[in-house]
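What follows is a single structure, written as structure tokens, with notes after it.
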Amino acid sequence: MPNVSLSALPPVAALLQTAALPELSQPIIGGVAIAYFVIVAVIGTWASRRTRSAADFFVAGKGIGLFTLAMASMAATLSGFAFIGGPGLVYTVGLGAVFIVLPAALTNSMGAWVMAKRLRLLAEVREMMTIPDAIAARYDSRLAQGLSAVAIIIAVVGYMATNILALGLVIDAIFSPGLVAAIWIGTIIVLAYSVSGGILAGIYNDVFQGSLMAFASGAVFWYALEAGGGFSGISRTILATDPALLSPWGKLTPLAALSFYFVFGLGSLGQPHVIHKFFMLRDARRLKWFPLLMTTALFVSLLLFIGVGLAMKSLVLSGATPALRIPDDATPSFLLLFTPVPLAAIVFASVAAAIMSTVNSFMSIGAAAFTHDLPVAFGTRLGDELTWGRIWTVVIALVSAVVAQASGTLVAFLGIFGWGLFASTLVPALAVGLNWSGATRAGAVSSIATGLVVTLALETMAYLQLFSFPSGVTASAIALMSSMLVFFVVSWWTRDTALSTLAPDVRAVMEA
Amino acid sequence: MSQALSVRDLALRALIAGVVGIALAYASAFFPPALSRFGPWLMAIVMPMTMFAMMILGAVRAGRGIGPVAVPFALVFLLVAGGFVLALALPAESVSTPLWFGLPRRAAVILFGVGLLPLFVLPVVYALTFDLLTLTDDDLARVRASRLPETTSIGAREGGV
């Protein structure tokens with residue numbers, strides 16, 4: 001992390017891994033990592049043989065089952081932050097960091113009620129490939145589609161750069177090839193299966209990767225409780241030395257902790273790499289069990305986030321282990337000191353899995369924005385979307401890998417606004433718009449533009465240190481609120497036009 | 001029909017009020033401490049209100065309201081908003097404070113009340129009410145029947161801007 005106080009940081013800035021991990025070059029860890037990469041390659045090769053069209057490449061041929069959807073959504077939701085940065089943040093600020101994952105109790109069910117059915121039904125009446133497709137269909141607007149595609153492209157490159165850097169750090173820690181080489185090795189591995197098999201390869205790798213993440217997290221949580229003496233032992237140790245860590249807000253202010261909950265709760269409705277997977281479900285009626293499966297998988301996968309951060313702090317405070325070099329060492333140090341080496345090896349493979357599943361999803365939506373959304377927004381379509389999709393996947397990956405080699409602060413800056421940009425540009429127009437027939441095209445276009453401008457302007461000014469917000473106030477939150485308010489005000493202002501842009505088939509979807 | 005409309009309208013108004021409330025909560029941070037201390041309290045109530053208003057907006061059905069999910073929604077809302085308010089209201093713990101399920105009282109309220117209990121409620125409610133409230137075979141057939149032959153199939157229709 002950059003050397004700035006946490007209270008001054010926007011939430012997402014705290015989620016970026018830019019510091020090196022401790023060296024992990026043990027034979028078992030290296031062996032498990034190689035085995036993991038081989039399995040990923042085998043799945044990718046299998047999937048690539050089934051990728052014959054742009055629909056296969058971008059939406060997995062709309063033929064996946066419920067379990068696949070749930071595991072893939074979970075794997076795409078969690079990046080390496082859940083395993084490295086998250087526990088480090090809990091170690092540093094205590095329970096305040098938990099407010100990042102706390103909304104998971106609501107978000108999957110909220111997403112199912114608000115988004116899943118509508119998006120999946122849209123795919124029954126229109127040829128949905130991307131989230132901007134859904135926005136275009138809802139408002140009969142190519143401008144809204146183009147603007148949302150631009151927002152997605154900007155966010156994707158920044159997000160991918162941070163994730164590729166994190167993947168490079170993991171590979172460097174295990175195999176020690178040097179960070180630059182590690183970044184390129186990681187990029188080439190993800191690129192190989194993403195280019196050949198597209199989202200189809202990504203989805204089935206996500207199932208493997210998500211299962212690995214859930215298993216590793218559950219097992220490590222058990223070891224964390226055992227090492228710390230259970231929740232009671234951990235609490236007593238921390239309360240005796242640094243009780244603020246176990247206040248409900250940790251070392252954050254109440255407003256800062258609640259702000260995490262707001263941005264990561266409501267913002268979850270606008271994450272295109274997750275919600276576009278609803279298009280892929282073979283049978284809309286199978287959504288019935290989606291929240292239960294997804295919530296269970298996510299819950300188990302997040303146990304490590306909470307358990308390791310608290311246990312490691314307790315172990316350091318009690319003198320059982322030396323103080324950490326940096327907070328991001330919490331998970332690696334705990335694994336090397338308190339878990340069997342094979343489990344540690346699986347967790348490190350899981351970190352790579354978490355990052356790779358997220359990167360693949362970003363590659364897919366980024367390539368789709370270039371290949372499909374922008375041309376459609378300009379009133380045309382590319383002749384061979386499958387080939388162009390592959391070309392743009394390569395271009396985005398290469399650009400992101402180059403950006404990932406820039407200074408850590410710049411990479412962190414680029415990654416900061418990803419979540420906020422997605423949320424502020426997509427939540428009002430899509431999440432509200434698909435459930436409110438009074439929303440208008442002007443309202444949608446204005447809110448997307450507002451989210452885009454406010455996020456970029458505020459984050460850039462903050463990066464250039466032209467101003468700083470009071471503790472708890474973040475650019476992401478302000479952008480999300482601004483775009484919501486603009487959406488409502490402009491829709492009300494132009495309410496006479498609401499029904500004229502609502503096609504009968506889309507209306508049927510919204511009334512279903 | 002009018003009942004469904006009123007539930008939808010109510011949810012929409014609650015959503016707008018919630019967003020305005022969140023804006024005010026953030027705005028309070030720019031004021032002196034005497035005013036800014038109310039920000040978290042306001043946030044603790046309007047933020048769950050916003051999220052549940054959004055859920056109701058998604059769940060409400062024309063002619064059917066939100067029926068069987070109304071009570072679980074209300075209970076979980078109270079659990080989440082009440083948890084935040086309790087965490088703000090209860091005094092800080094000391095080392096000798098009794099633990100609740102291994103955690104200090106306020107931390108337990110947040111982790112178990114806000115973070116854990118809703119996990120067991122909402123996904124189950126969604127599954128149990130799916131056939132009645134969310135998507136029936138008839139709904140699906142109606143949507144499929146609405147597919148327009150002239151639709152260009154991608155994004156905006158001809159003439160869309």
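Starting from 1 in every chain, residues are counted up; chains themselves are A, B, ... following the order of the structure tokens, and ligands are numbered from 1 as listed.
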Exercise for review: Excluding Arg138 of chain A and any residue of its chain fewer than 3 positions from it, enumerate the residues within 8 Å of it, using only C-alpha atoms, and give them as a ChimeraX atom specification.
Suggested key: /A:134-135,141,433-434,501-503,506
Would you export the selected residues with all heavy atoms as a PDB file, in the first residue's frame, please?
```
ATOM      1  N   ALA A 134     -28.067  -4.609 -22.502  1.00  0.00           N
ATOM      2  CA  ALA A 134     -29.279  -4.530 -21.670  1.00  0.00           C
ATOM      3  C   ALA A 134     -29.708  -3.083 -21.486  1.00  0.00           C
ATOM      4  O   ALA A 134     -30.903  -2.762 -21.529  1.00  0.00           O
ATOM      5  CB  ALA A 134     -29.027  -5.192 -20.320  1.00  0.00           C
ATOM      6  N   ILE A 135     -28.728  -2.201 -21.299  1.00  0.00           N
ATOM      7  CA  ILE A 135     -29.055  -0.777 -21.141  1.00  0.00           C
ATOM      8  C   ILE A 135     -29.650  -0.233 -22.436  1.00  0.00           C
ATOM      9  O   ILE A 135     -30.640   0.513 -22.422  1.00  0.00           O
ATOM     10  CB  ILE A 135     -27.789   0.004 -20.724  1.00  0.00           C
ATOM     11  CG1 ILE A 135     -27.417  -0.384 -19.289  1.00  0.00           C
ATOM     12  CG2 ILE A 135     -27.999   1.507 -20.839  1.00  0.00           C
ATOM     13  CD1 ILE A 135     -26.143   0.249 -18.778  1.00  0.00           C
ATOM     14  N   SER A 141     -31.560   2.976 -26.648  1.00  0.00           N
ATOM     15  CA  SER A 141     -30.589   4.059 -26.786  1.00  0.00           C
ATOM     16  C   SER A 141     -29.188   3.546 -27.074  1.00  0.00           C
ATOM     17  O   SER A 141     -28.583   2.871 -26.244  1.00  0.00           O
ATOM     18  CB  SER A 141     -30.572   4.894 -25.495  1.00  0.00           C
ATOM     19  OG  SER A 141     -29.506   5.804 -25.514  1.00  0.00           O
ATOM     20  N   GLY A 433     -33.455   1.151 -13.275  1.00  0.00           N
ATOM     21  CA  GLY A 433     -34.169   1.281 -14.542  1.00  0.00           C
ATOM     22  C   GLY A 433     -34.919   0.031 -14.966  1.00  0.00           C
ATOM     23  O   GLY A 433     -36.007   0.128 -15.549  1.00  0.00           O
ATOM     24  N   LEU A 434     -34.374  -1.140 -14.671  1.00  0.00           N
ATOM     25  CA  LEU A 434     -35.065  -2.374 -15.058  1.00  0.00           C
ATOM     26  C   LEU A 434     -36.265  -2.672 -14.164  1.00  0.00           C
ATOM     27  O   LEU A 434     -37.024  -3.600 -14.426  1.00  0.00           O
ATOM     28  CB  LEU A 434     -34.092  -3.563 -15.010  1.00  0.00           C
ATOM     29  CG  LEU A 434     -33.143  -3.720 -16.201  1.00  0.00           C
ATOM     30  CD1 LEU A 434     -32.201  -4.896 -15.988  1.00  0.00           C
ATOM     31  CD2 LEU A 434     -33.920  -3.913 -17.501  1.00  0.00           C
ATOM     32  N   THR A 501     -39.937   5.124 -24.949  1.00  0.00           N
ATOM     33  CA  THR A 501     -38.686   4.403 -25.212  1.00  0.00           C
ATOM     34  C   THR A 501     -38.717   2.985 -24.644  1.00  0.00           C
ATOM     35  O   THR A 501     -37.700   2.300 -24.634  1.00  0.00           O
ATOM     36  CB  THR A 501     -37.481   5.145 -24.604  1.00  0.00           C
ATOM     37  OG1 THR A 501     -37.722   5.354 -23.214  1.00  0.00           O
ATOM     38  CG2 THR A 501     -37.252   6.467 -25.300  1.00  0.00           C
ATOM     39  N   LEU A 502     -39.895   2.577 -24.166  1.00  0.00           N
ATOM     40  CA  LEU A 502     -39.998   1.247 -23.559  1.00  0.00           C
ATOM     41  C   LEU A 502     -40.648   0.294 -24.563  1.00  0.00           C
ATOM     42  O   LEU A 502     -41.850   0.340 -24.797  1.00  0.00           O
ATOM     43  CB  LEU A 502     -40.837   1.351 -22.278  1.00  0.00           C
ATOM     44  CG  LEU A 502     -40.812   0.172 -21.314  1.00  0.00           C
ATOM     45  CD1 LEU A 502     -39.395  -0.227 -20.954  1.00  0.00           C
ATOM     46  CD2 LEU A 502     -41.593   0.516 -20.052  1.00  0.00           C
ATOM     47  N   ALA A 503     -39.828  -0.562 -25.159  1.00  0.00           N
ATOM     48  CA  ALA A 503     -40.344  -1.501 -26.164  1.00  0.00           C
ATOM     49  C   ALA A 503     -41.278  -2.516 -25.500  1.00  0.00           C
ATOM     50  O   ALA A 503     -41.097  -2.842 -24.329  1.00  0.00           O
ATOM     51  CB  ALA A 503     -39.177  -2.219 -26.828  1.00  0.00           C
ATOM     52  N   VAL A 506     -39.530  -5.460 -23.825  1.00  0.00           N
ATOM     53  CA  VAL A 506     -38.810  -5.077 -22.606  1.00  0.00           C
ATOM     54  C   VAL A 506     -39.807  -4.804 -21.486  1.00  0.00           C
ATOM     55  O   VAL A 506     -39.586  -5.166 -20.324  1.00  0.00           O
ATOM     56  CB  VAL A 506     -37.920  -3.839 -22.864  1.00  0.00           C
ATOM     57  CG1 VAL A 506     -37.225  -3.392 -21.587  1.00  0.00           C
ATOM     58  CG2 VAL A 506     -36.901  -4.149 -23.952  1.00  0.00           C
TER      59      VAL A 506
END
```
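Among the candidates A:Trp436, A:Phe260, A:Phe467, A:Phe334, the one nearest to chain B when counting only C-alpha atoms is A:Trp436.
The smallest atom-to-atom distance between chain B and any of A:Pro342, A:Pro103, A:Gly451, A:Gly168, using only C-alpha atoms, is found for A:Pro103.
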Exercise for review: as a list in words, list the residues of segment 15-148 of chain B assigned to strand (DSSP E or B) by DSSP on the backbone atoms of this structure.
Suggested key: Arg61, Gly65, Trp100 and Leu103 of chain B
Selected residues, all heavy atoms, written as a tab-separated table (two decimals), in the first residue's frame, please.
```tsv
chain	number	residue	atom	x	y	z
B	61	ARG	N	-44.67	-7.47	-7.56
B	61	ARG	CA	-45.31	-7.95	-8.79
B	61	ARG	C	-46.62	-7.22	-9.00
B	61	ARG	O	-47.38	-7.00	-8.04
B	61	ARG	CB	-45.60	-9.45	-8.69
B	61	ARG	CG	-44.38	-10.32	-8.48
B	61	ARG	CD	-43.45	-10.28	-9.69
B	61	ARG	NE	-44.13	-10.58	-10.93
B	61	ARG	CZ	-44.34	-11.81	-11.38
B	61	ARG	NH1	-43.93	-12.86	-10.70
B	61	ARG	NH2	-44.98	-12.00	-12.53
B	65	GLY	N	-48.33	-7.47	-5.26
B	65	GLY	CA	-47.55	-6.84	-4.20
B	65	GLY	C	-46.29	-7.64	-3.91
B	65	GLY	O	-45.70	-8.25	-4.80
B	100	TRP	N	-19.88	-12.19	23.91
B	100	TRP	CA	-21.05	-12.84	23.30
B	100	TRP	C	-20.55	-13.72	22.16
B	100	TRP	O	-19.99	-13.21	21.19
B	100	TRP	CB	-22.03	-11.80	22.73
B	100	TRP	CG	-22.79	-11.02	23.75
B	100	TRP	CD1	-22.61	-11.03	25.11
B	100	TRP	CD2	-23.87	-10.11	23.51
B	100	TRP	NE1	-23.49	-10.16	25.72
B	100	TRP	CE2	-24.28	-9.59	24.76
B	100	TRP	CE3	-24.52	-9.67	22.36
B	100	TRP	CZ2	-25.31	-8.67	24.88
B	100	TRP	CZ3	-25.55	-8.74	22.48
B	100	TRP	CH2	-25.95	-8.25	23.72
B	103	LEU	N	-17.08	-12.87	21.19
B	103	LEU	CA	-16.73	-11.52	20.71
B	103	LEU	C	-17.26	-10.46	21.67
B	103	LEU	O	-18.25	-10.70	22.38
B	103	LEU	CB	-17.34	-11.27	19.32
B	103	LEU	CG	-16.70	-11.99	18.13
B	103	LEU	CD1	-17.56	-11.80	16.89
B	103	LEU	CD2	-15.30	-11.46	17.87
```
8 Å contact set for Leu135 of chain B, only C-alpha atoms, chain neighbours under 5 positions out, as a JSON list (two decimals) with N, CA and C atoms, in the first residue's frame:
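Okay, this is what ended up in selection.json:
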```json
[["chain", "number", "residue", "atom", "x", "y", "z"],
["A", 117, "LYS", "N", -33.43, -11.96, -12.50],
["A", 117, "LYS", "CA", -34.57, -12.36, -13.34],
["A", 117, "LYS", "C", -34.71, -11.45, -14.55],
["A", 285, "ARG", "N", -35.65, -20.55, -14.83],
["A", 285, "ARG", "CA", -36.31, -21.02, -13.60],
["A", 285, "ARG", "C", -35.32, -21.58, -12.58],
["A", 512, "ALA", "N", -42.83, -8.97, -15.64],
["A", 512, "ALA", "CA", -42.87, -10.41, -15.30],
["A", 512, "ALA", "C", -42.50, -10.63, -13.84],
["B", 130, "PHE", "N", -40.08, -18.29, -4.77],
["B", 130, "PHE", "CA", -39.75, -18.11, -6.19],
["B", 130, "PHE", "C", -40.92, -18.48, -7.10],
["B", 140, "LEU", "N", -42.86, -16.90, -17.81],
["B", 140, "LEU", "CA", -41.84, -17.17, -18.82],
["B", 140, "LEU", "C", -42.46, -17.25, -20.22]]
```
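Using only C-alpha atoms, the nearest neighbour of chain A within the list B:Ala14, B:Val125, B:Ala141, B:Val95 is B:Val95.
Shortest atom-to-atom contact with chain B among A:Ala354, A:Leu119, A:Ala41, A:Leu167: A:Leu119, counting only C-alpha atoms.
Atom CA of Pro32 of chain B to atom CA of Gly250 of chain A spans 22.9 Å [interatomic distance, one decimal].
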Review point. Could you pull the residues within 6 Å of Ala377 of chain A, counting only C-alpha atoms, minus those fewer than 4 positions along the same chain, as a VMD selection string?
Key: chain A and resid 142 145 to 146 373
Practice item. Could you pull out the residues in segment 430-465 of chain A that DSSP calls alpha helix (DSSP H) from the backbone, as a ChimeraX atom specification? Key: /A:441-463
Practice item. Give me the residues within 12 Å of Val69 of chain B as a PyMOL selection string, counting only C-alpha atoms and dropping any in the same chain fewer than 4 places off. Key: (chain A and resi 113) or (chain B and resi 52+55-56+58-61+64-65+73-77+121-130+132-134)
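For the atom pair formed by atom CA of Ile29 of chain A and atom CA of Thr339 of chain A, the distance is 12.6 Å, given to one decimal.
The neighbours of segment 144-147 of chain B here are the residues that come within 7 Å of it, using only C-alpha atoms and leaving out any residue fewer than 2 positions away in the same chain; they are Glu124, Val125, Pro504, Asp505 and Ala508 of chain A; Leu140, Ala141, Arg142 and Pro149 of chain B.
Of the listed residues (A:Val453, A:Ala155, A:Ile234, A:Ile164), A:Ile234 comes nearest to chain B; the distances count only C-alpha atoms.
Nearest residue to Phe112 of chain B, choosing from B:Val80, B:Leu88, B:Val71, B:Met47 and counting only C-alpha atoms: B:Val80.
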